[in-house]
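Have a look at data_33.pdb below; it lists PDB, C-alpha atoms.
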ATOM      1  CA  MET A 186     -29.244  -5.135 -22.714
ATOM      2  CA  THR A 187     -30.949  -3.566 -19.673
ATOM      3  CA  ASP A 188     -29.829  -0.082 -18.746
ATOM      4  CA  TYR A 189     -28.311   0.785 -15.366
ATOM      5  CA  ASN A 190     -30.844   2.958 -13.490
ATOM      6  CA  SER A 191     -31.295   4.990 -10.302
ATOM      7  CA  LYS A 192     -32.536   1.940  -8.384
ATOM      8  CA  ASP A 193     -29.398   0.109  -9.470
ATOM      9  CA  ALA A 194     -27.350   2.987  -8.020
ATOM     10  CA  GLU A 195     -28.990   2.198  -4.680
ATOM     11  CA  TYR A 196     -28.161  -1.508  -5.059
ATOM     12  CA  LEU A 197     -24.584  -0.588  -5.972
ATOM     13  CA  ALA A 198     -24.294   1.557  -2.848
ATOM     14  CA  ARG A 199     -25.499  -1.337  -0.678
ATOM     15  CA  LEU A 200     -23.048  -3.687  -2.380
ATOM     16  CA  GLN A 201     -20.195  -1.201  -1.879
ATOM     17  CA  ASP A 202     -21.022  -0.942   1.834
ATOM     18  CA  TYR A 203     -21.101  -4.730   2.116
ATOM     19  CA  TYR A 204     -17.776  -5.012   0.306
ATOM     20  CA  ALA A 205     -16.210  -2.374   2.574
ATOM     21  CA  ASP A 206     -17.093  -4.578   5.566
ATOM     22  CA  TRP A 207     -16.374  -8.049   4.160
ATOM     23  CA  LYS A 208     -14.096  -7.586   1.112
ATOM     24  CA  SER A 209     -16.207  -9.920  -0.987
ATOM     25  CA  ILE A 210     -19.369 -10.097  -3.063
ATOM     26  CA  PRO A 211     -21.651 -12.636  -1.359
ATOM     27  CA  SER A 212     -23.864 -15.393  -2.734
ATOM     28  CA  TYR A 213     -27.170 -14.681  -4.453
ATOM     29  CA  ALA A 214     -29.012 -15.783  -1.302
ATOM     30  CA  ALA A 215     -27.049 -13.353   0.865
ATOM     31  CA  LEU A 216     -27.518 -10.598  -1.718
ATOM     32  CA  CYS A 217     -31.287 -10.980  -1.349
ATOM     33  CA  ASP A 218     -30.817  -9.671   2.195
ATOM     34  CA  VAL A 219     -28.301  -7.011   1.149
ATOM     35  CA  PHE A 220     -30.601  -5.692  -1.592
ATOM     36  CA  GLY A 221     -33.822  -6.217   0.360
ATOM     37  CA  ILE A 222     -35.465  -8.390  -2.290
ATOM     38  CA  ALA A 223     -36.782 -11.974  -2.266
ATOM     39  CA  SER A 224     -35.827 -13.333  -5.680
ATOM     40  CA  LYS A 225     -32.430 -14.721  -6.663
ATOM     41  CA  SER A 226     -33.345 -14.124 -10.315
ATOM     42  CA  TRP A 227     -33.734 -10.416  -9.506
ATOM     43  CA  VAL A 228     -30.333 -10.480  -7.842
ATOM     44  CA  LYS A 229     -28.846 -12.030 -10.973
ATOM     45  CA  ALA A 230     -30.485  -9.369 -13.148
ATOM     46  CA  ILE A 231     -29.125  -6.604 -10.890
ATOM     47  CA  LEU A 232     -25.629  -8.054 -11.010
ATOM     48  CA  MET A 233     -25.814  -8.313 -14.808
ATOM     49  CA  ARG A 234     -26.796  -4.631 -15.050
ATOM     50  CA  LEU A 235     -23.986  -3.638 -12.650
ATOM     51  CA  SER A 236     -21.619  -5.685 -14.801
ATOM     52  CA  GLU A 237     -22.832  -4.032 -18.021
ATOM     53  CA  ALA A 238     -22.327  -0.651 -16.336
ATOM     54  CA  GLY A 239     -18.717  -1.611 -15.540
ATOM     55  CA  PHE A 240     -18.881  -1.902 -11.734
ATOM     56  CA  ILE A 241     -18.340  -5.661 -11.366
ATOM     57  CA  GLU A 242     -17.123  -8.542 -13.500
ATOM     58  CA  ARG A 243     -16.821 -12.317 -13.419
ATOM     59  CA  THR A 244     -13.544 -14.135 -12.981
ATOM     60  CA  PRO A 245     -12.845 -17.120 -15.295
ATOM     61  CA  ASP A 246     -14.210 -19.414 -12.571
ATOM     62  CA  GLY A 247     -17.466 -17.447 -12.342
ATOM     63  CA  ILE A 248     -16.924 -15.433  -9.156
ATOM     64  CA  TRP A 249     -18.186 -11.849  -9.090
ATOM     65  CA  VAL A 250     -15.459  -9.315  -8.267
ATOM     66  CA  PRO A 251     -15.363  -5.507  -8.257
ATOM     67  CA  THR A 252     -13.741  -3.541 -11.080
ATOM     68  CA  ARG A 253     -11.711  -0.365 -10.587
ATOM     69  CA  GLN A 254     -14.868   1.658 -11.307
ATOM     70  CA  PHE A 255     -16.539  -0.022  -8.308
ATOM     71  CA  PHE A 256     -14.176   1.967  -6.064
ATOM     72  CA  ALA A 257     -14.677   5.328  -7.808
ATOM     73  CA  ARG A 258     -16.320   8.070  -5.749
ATOM     74  CA  PRO A 259     -18.300  11.111  -6.924
ATOM     75  CA  LEU A 260     -16.405  14.381  -7.177
ATOM     76  CA  ALA A 261     -18.476  17.558  -6.972
ATOM     77  CA  GLU A 262     -18.043  19.955  -9.890
ATOM     78  CA  SER A 263     -17.733  22.970  -7.610
ATOM     79  CA  SER A 264     -15.464  23.368  -4.614
ATOM     80  CA  VAL A 265     -16.803  24.095  -1.149
ATOM     81  CA  PRO A 266     -15.834  27.564   0.090
ATOM     82  CA  ALA A 267     -14.968  28.151   3.716
ATOM     83  CA  GLY A 268     -17.246  31.197   3.771
ATOM     84  CA  MET A 269     -20.921  31.252   2.848
ATOM     85  CA  PRO A 270     -22.533  27.877   2.210
ATOM     86  CA  VAL A 271     -23.409  26.833  -1.323
ATOM     87  CA  SER A 272     -25.407  23.941  -2.672
ATOM     88  CA  VAL A 273     -23.227  21.045  -3.796
ATOM     89  CA  ALA A 274     -24.789  17.819  -5.006
ATOM     90  CA  PRO A 275     -22.513  14.816  -4.427
ATOM     91  CA  SER A 276     -23.639  13.265  -7.706
ATOM     92  CA  GLN A 277     -22.340  16.161  -9.801
ATOM     93  CA  GLY A 278     -19.090  15.896 -11.699
ATOM     94  CA  GLU A 279     -17.007  12.912 -12.619
ATOM     95  CA  LEU A 280     -16.044   9.834 -10.642
ATOM     96  CA  PHE A 281     -12.490   9.358  -9.472
ATOM     97  CA  LEU A 282     -10.424   6.906  -7.479
ATOM     98  CA  ILE A 283      -8.839   8.309  -4.335
ATOM     99  CA  ASP A 284      -5.783   6.143  -4.980
ATOM    100  CA  GLU A 285      -5.323   7.733  -8.416
ATOM    101  CA  MET A 286      -5.763  11.229  -6.991
ATOM    102  CA  LEU A 287      -3.045  10.795  -4.367
ATOM    103  CA  ILE A 288      -0.616   8.325  -5.915
ATOM    104  CA  ASP A 289       1.317   8.671  -9.178
ATOM    105  CA  THR A 290       3.714   5.748  -8.754
ATOM    106  CA  PRO A 291       2.325   2.987  -6.505
ATOM    107  CA  SER A 292       5.622   1.072  -6.371
ATOM    108  CA  LYS A 293       7.377   4.130  -4.915
ATOM    109  CA  THR A 294       4.625   5.220  -2.554
ATOM    110  CA  THR A 295       4.114   4.327   1.075
ATOM    111  CA  LEU A 296       1.659   5.434   3.756
ATOM    112  CA  ILE A 297       3.182   6.495   7.070
ATOM    113  CA  PRO A 298       1.172   7.322  10.221
ATOM    114  CA  VAL A 299       2.060  10.703  11.720
ATOM    115  CA  LYS A 300       2.921  10.819  15.389
ATOM    116  CA  GLY A 301       3.263  14.058  17.328
ATOM    117  CA  ASP A 302       2.542  17.715  16.622
ATOM    118  CA  SER A 303       5.852  19.056  15.303
ATOM    119  CA  MET A 304       4.265  19.845  11.893
ATOM    120  CA  ILE A 305       0.928  21.136  13.128
ATOM    121  CA  ASP A 306       1.393  24.648  11.669
ATOM    122  CA  ALA A 307       1.734  22.997   8.249
ATOM    123  CA  GLY A 308      -1.670  21.381   8.802
ATOM    124  CA  ILE A 309      -0.213  17.968   9.607
ATOM    125  CA  HIS A 310      -1.709  16.510  12.786
ATOM    126  CA  ASP A 311      -1.040  13.579  15.069
ATOM    127  CA  GLY A 312      -2.924  10.586  13.672
ATOM    128  CA  ASP A 313      -2.848  11.759  10.047
ATOM    129  CA  VAL A 314      -1.462   9.405   7.424
ATOM    130  CA  ALA A 315       1.319  10.846   5.269
ATOM    131  CA  VAL A 316       1.366   9.767   1.623
ATOM    132  CA  VAL A 317       5.077   9.635   0.843
ATOM    133  CA  GLU A 318       6.771   9.072  -2.487
ATOM    134  CA  LYS A 319      10.127   7.392  -1.897
ATOM    135  CA  ARG A 320      12.998   9.507  -3.253
ATOM    136  CA  VAL A 321      16.644   9.938  -2.305
ATOM    137  CA  SER A 322      16.659  13.671  -3.074
ATOM    138  CA  ALA A 323      14.325  16.588  -2.434
ATOM    139  CA  ASN A 324      14.140  20.345  -2.922
ATOM    140  CA  VAL A 325      14.365  23.050  -0.279
ATOM    141  CA  GLY A 326      10.804  23.682   0.886
ATOM    142  CA  ASP A 327       9.646  20.092   0.406
ATOM    143  CA  ILE A 328       8.141  18.329   3.400
ATOM    144  CA  VAL A 329      10.210  15.178   3.683
ATOM    145  CA  VAL A 330      10.565  12.017   5.642
ATOM    146  CA  ALA A 331      14.239  12.011   6.543
ATOM    147  CA  ILE A 332      16.504   9.691   8.469
ATOM    148  CA  VAL A 333      18.625  11.475  11.061
ATOM    149  CA  ASP A 334      20.744   9.527  13.528
ATOM    150  CA  SER A 335      18.938   6.318  12.504
ATOM    151  CA  GLU A 336      15.504   7.792  13.287
ATOM    152  CA  PHE A 337      12.732   8.834  10.908
ATOM    153  CA  THR A 338      11.264  12.318  11.127
ATOM    154  CA  LEU A 339       8.789  14.387   9.077
ATOM    155  CA  LYS A 340       9.981  17.977   8.592
ATOM    156  CA  THR A 341      10.465  20.702   5.981
ATOM    157  CA  LEU A 342      13.800  20.520   4.173
ATOM    158  CA  ASP A 343      15.708  23.801   4.334
ATOM    159  CA  ARG A 344      19.250  25.088   3.916
ATOM    160  CA  GLU A 345      21.305  27.095   6.371
ATOM    161  CA  LYS A 346      24.912  28.181   5.839
ATOM    162  CA  GLY A 347      25.217  25.800   2.930
ATOM    163  CA  LYS A 348      23.987  22.770   4.885
ATOM    164  CA  PHE A 349      20.642  21.024   4.828
ATOM    165  CA  ILE A 350      18.493  21.322   7.940
ATOM    166  CA  LEU A 351      15.032  20.130   8.918
ATOM    167  CA  ARG A 352      12.499  22.683  10.118
ATOM    168  CA  PRO A 353       9.502  21.771  12.242
ATOM    169  CA  ALA A 354       6.222  23.620  11.739
ATOM    170  CA  ASN A 355       5.724  24.217  15.452
ATOM    171  CA  PRO A 356       7.782  26.782  17.427
ATOM    172  CA  ALA A 357       7.851  24.419  20.413
ATOM    173  CA  TYR A 358      10.316  22.174  18.517
ATOM    174  CA  PRO A 359      13.926  22.940  17.588
ATOM    175  CA  VAL A 360      15.366  23.024  14.095
ATOM    176  CA  ILE A 361      17.234  19.798  13.387
ATOM    177  CA  ARG A 362      20.804  20.453  12.279
ATOM    178  CA  PRO A 363      22.246  17.022  11.481
ATOM    179  CA  GLN A 364      25.814  16.505  12.649
ATOM    180  CA  GLY A 365      26.239  13.490  10.425
ATOM    181  CA  LEU A 366      24.449  12.174   7.375
ATOM    182  CA  LEU A 367      20.982  13.441   6.477
ATOM    183  CA  GLU A 368      19.246  10.807   4.371
ATOM    184  CA  ILE A 369      16.033  11.551   2.485
ATOM    185  CA  PHE A 370      13.579   8.654   2.561
ATOM    186  CA  GLY A 371      10.801  10.379   0.618
ATOM    187  CA  VAL A 372       8.731  13.476  -0.079
ATOM    188  CA  LEU A 373       5.224  14.167   1.187
ATOM    189  CA  ILE A 374       2.799  14.156  -1.749
ATOM    190  CA  GLY A 375      -0.504  13.898   0.106
ATOM    191  CA  LEU A 376      -2.183  13.603   3.452
ATOM    192  CA  ILE A 377      -5.085  11.510   4.698
ATOM    193  CA  ARG A 378      -7.146  12.506   7.713
ATOM    194  CA  LYS A 379     -10.196  10.656   8.920
ATOM    195  CA  TYR A 380     -12.497  12.545  11.234
ATOM    196  CA  ARG A 381     -13.962  10.178  13.751
ATOM    197  CA  LYS A 382     -17.405  10.441  15.341
TER     198      LYS A 382
END

Spit out the file's structure as C-alpha cells when you get a sec.
Amino acid sequence: MTDYNSKDAEYLARLQDYYADWKSIPSYAALCDVFGIASKSWVKAILMRLSEAGFIERTPDGIWVPTRQFFARPLAESSVPAGMPVSVAPSQGELFLIDEMLIDTPSKTTLIPVKGDSMIDAGIHDGDVAVVEKRVSANVGDIVVAIVDSEFTLKTLDREKGKFILRPANPAYPVIRPQGLLEIFGVLIGLIRKYRK
C-alpha cells in the first residue's frame, strides 16, 4: 500500500477543482492534463492512493466517484479575531463537511434566498441564503420564515399583548401584526453568504 503524501494533496486539490466545475471525475487521459503529468499509469497510481486515503471510490461498474471525505474542508484550530491579526494555517485542525455543520436533518431543511434588507440589523443581507429547518412551531426570539396573508417573510418571532408578531431588524420596516392566521414555515438555523469579486 502506498501512502497518501503532500504531492497527492496537490493532485486532490486539482481533482476537487475539476469536480466543482464538471461534477465528474474524468478519464485517465483527461486526468493527465488535470494533474499535469504524461503517464496514465501514474494517474492510476494517484487515484489508487486517493482511494486508499478515502477520498474517492469505485462504483460496481468501475467508475471513480467522490466519497463524503472528498467534500470535507479544513477547519482551522484557532478562530480569527476581528482585532489584531494572528497566524492561522488552513491545514490545521480537523476536516468537516459544510453540509454537516449547517444541517442536522436534511429532509426537513431547505435553502431560501433572502430578498430585501428588513433583517439587516440581524446581519442578514439581501442575497444571503437562509438555511431553514421546517417546523410548525417556534419560540419567541427565533428568526422564522412565516406565512402571513399567503406571503412568506423572514422576521423575528415576538409576542405583544398575548399575540404573536413578527419584528423586522431594520427600523425602516413596520412590525407585522397579523390580523388572521400566522403560520410558521420554519426556523433559521444558519446563513450562507458568498462574497463576490

For a cutoff of 8 Å around the file-coordinate point (-28.2, -2.7, -1.3), which residues qualify once you count all atoms listed in the file? I'd like the result as a PyMOL selection string.
chain A and resi 195-200+216+219-221

Residues just named, written with C-alpha atoms as an mmCIF file, in the coordinates of the input:
data_model
loop_
_atom_site.group_PDB
_atom_site.id
_atom_site.type_symbol
_atom_site.label_atom_id
_atom_site.label_comp_id
_atom_site.auth_asym_id
_atom_site.auth_seq_id
_atom_site.Cartn_x
_atom_site.Cartn_y
_atom_site.Cartn_z
ATOM 1 C CA GLU A 195 -28.990 2.198 -4.680
ATOM 2 C CA TYR A 196 -28.161 -1.508 -5.059
ATOM 3 C CA LEU A 197 -24.584 -0.588 -5.972
ATOM 4 C CA ALA A 198 -24.294 1.557 -2.848
ATOM 5 C CA ARG A 199 -25.499 -1.337 -0.678
ATOM 6 C CA LEU A 200 -23.048 -3.687 -2.380
ATOM 7 C CA LEU A 216 -27.518 -10.598 -1.718
ATOM 8 C CA VAL A 219 -28.301 -7.011 1.149
ATOM 9 C CA PHE A 220 -30.601 -5.692 -1.592
ATOM 10 C CA GLY A 221 -33.822 -6.217 0.360
#

Which residues match the PyMOL selection byres ((chain A and resi 294) around 10) in the file above, as number ranges by chain?
A: 287-293, 295-297, 316-320, 371-374

Restrict the selected residues to C-alpha atoms and save them as a compact mmCIF listing (two decimals), keeping the file's coordinate frame.
# COMPACT_ATOMS: atom_id res chain seq x y z
CA LEU A 287 -3.04 10.80 -4.37
CA ILE A 288 -0.62 8.32 -5.92
CA ASP A 289 1.32 8.67 -9.18
CA THR A 290 3.71 5.75 -8.75
CA PRO A 291 2.33 2.99 -6.50
CA SER A 292 5.62 1.07 -6.37
CA LYS A 293 7.38 4.13 -4.92
CA THR A 295 4.11 4.33 1.08
CA LEU A 296 1.66 5.43 3.76
CA ILE A 297 3.18 6.50 7.07
CA VAL A 316 1.37 9.77 1.62
CA VAL A 317 5.08 9.64 0.84
CA GLU A 318 6.77 9.07 -2.49
CA LYS A 319 10.13 7.39 -1.90
CA ARG A 320 13.00 9.51 -3.25
CA GLY A 371 10.80 10.38 0.62
CA VAL A 372 8.73 13.48 -0.08
CA LEU A 373 5.22 14.17 1.19
CA ILE A 374 2.80 14.16 -1.75

Residue nearest Leu235 (chain A) among A:Pro259, A:Ala194, A:Ser212, A:Ile248 (counting all atoms listed in the file):
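Closest candidate: A:Ala194.
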
(6.4, 24.4, 12.8) in this file's frame - what residues fall within 9 Å of it? Use all atoms listed in the file and give the answer as a compact mmCIF listing (two decimals) with C-alpha atoms, in the frame of the given file.
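What ended up in selection_33.txt:
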# COMPACT_ATOMS: atom_id res chain seq x y z
CA ASP A 302 2.54 17.72 16.62
CA SER A 303 5.85 19.06 15.30
CA MET A 304 4.26 19.84 11.89
CA ILE A 305 0.93 21.14 13.13
CA ASP A 306 1.39 24.65 11.67
CA ALA A 307 1.73 23.00 8.25
CA LYS A 340 9.98 17.98 8.59
CA THR A 341 10.46 20.70 5.98
CA ARG A 352 12.50 22.68 10.12
CA PRO A 353 9.50 21.77 12.24
CA ALA A 354 6.22 23.62 11.74
CA ASN A 355 5.72 24.22 15.45
CA PRO A 356 7.78 26.78 17.43
CA ALA A 357 7.85 24.42 20.41
CA TYR A 358 10.32 22.17 18.52

Name every residue that the PyMOL selection byres ((chain A and resi 342) around 12) selects in this structure, writing the answer as a CSV table (one decimal) with C-alpha atoms, in the coordinates of the input with chains first and numbers rising.
chain,number,residue,atom,x,y,z
A,322,SER,CA,16.7,13.7,-3.1
A,323,ALA,CA,14.3,16.6,-2.4
A,324,ASN,CA,14.1,20.3,-2.9
A,325,VAL,CA,14.4,23.0,-0.3
A,326,GLY,CA,10.8,23.7,0.9
A,327,ASP,CA,9.6,20.1,0.4
A,328,ILE,CA,8.1,18.3,3.4
A,329,VAL,CA,10.2,15.2,3.7
A,330,VAL,CA,10.6,12.0,5.6
A,331,ALA,CA,14.2,12.0,6.5
A,332,ILE,CA,16.5,9.7,8.5
A,338,THR,CA,11.3,12.3,11.1
A,339,LEU,CA,8.8,14.4,9.1
A,340,LYS,CA,10.0,18.0,8.6
A,341,THR,CA,10.5,20.7,6.0
A,343,ASP,CA,15.7,23.8,4.3
A,344,ARG,CA,19.2,25.1,3.9
A,345,GLU,CA,21.3,27.1,6.4
A,348,LYS,CA,24.0,22.8,4.9
A,349,PHE,CA,20.6,21.0,4.8
A,350,ILE,CA,18.5,21.3,7.9
A,351,LEU,CA,15.0,20.1,8.9
A,352,ARG,CA,12.5,22.7,10.1
A,353,PRO,CA,9.5,21.8,12.2
A,354,ALA,CA,6.2,23.6,11.7
A,360,VAL,CA,15.4,23.0,14.1
A,361,ILE,CA,17.2,19.8,13.4
A,362,ARG,CA,20.8,20.5,12.3
A,363,PRO,CA,22.2,17.0,11.5
A,367,LEU,CA,21.0,13.4,6.5
A,368,GLU,CA,19.2,10.8,4.4
A,369,ILE,CA,16.0,11.6,2.5
A,370,PHE,CA,13.6,8.7,2.6
A,371,GLY,CA,10.8,10.4,0.6
A,372,VAL,CA,8.7,13.5,-0.1
A,373,LEU,CA,5.2,14.2,1.2

Can you list, as a PyMOL selection string, the residues that the PyMOL selection byres ((chain A and resi 313) around 7) selects here?
chain A and resi 298-299+309-312+314-315+376-378

Would you pick out the contacts of Ser209 (chain A) at 9 Å or less, using all atoms listed in the file, so that residues sharing its chain but fewer than 6 positions from it are not included, and give the list as a ChimeraX atom specification?
/A:203,249-251

For a quick check of understanding, using all atoms listed in the file, which of A:Asp193, A:Asp206, A:Asp284, A:Asp218 has the smallest distance to Arg234 (chain A)?
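So, comparing all the options, the nearest one is A:Asp193.
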
Kindly give the distance, in Å, that separates CA of Ile283 (chain A) and CA of Ala205 (chain A), rounded to a single decimal.
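Calculated distance between CA of Ile283 (chain A) and CA of Ala205 (chain A) is 14.7 Å.
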
What gap, in Å, lies between CA of Leu280 (chain A) and CA of Gln254 (chain A)?
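One can read the CA of Leu280 (chain A) to CA of Gln254 (chain A) distance as 8.3 Å.
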
Length of the CA of Ala257 (chain A) to CA of Trp227 (chain A) vector [Å]
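If I compute the distance from CA of Ala257 (chain A) to CA of Trp227 (chain A), I get 24.8 Å.
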
Tell me which of A:Asp188, A:Ala223, A:Ile210, A:Gly365 sits closest to Glu242 (chain A), counting all atoms listed in the file.
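Using all atoms listed in the file, Glu242 (chain A) sits closest to A:Ile210.
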
Pick from A:Phe256, A:Ala238, A:Tyr213, A:Pro245 nearest to Ser226 (chain A), counting only C-alpha atoms
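Result for the nearest residue to Ser226 (chain A): A:Tyr213.
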
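With distances taken over all atoms listed in the file, A:Ile241 is the one residue among A:Val333, A:Met286, A:Val228, A:Ile241 lying closest to Tyr204 (chain A).
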
Have a look at A:Leu232, A:Glu237, A:Leu366, A:Ala214 and name the one nearest to Ser335 (chain A); count all atoms listed in the file.
A:Leu366
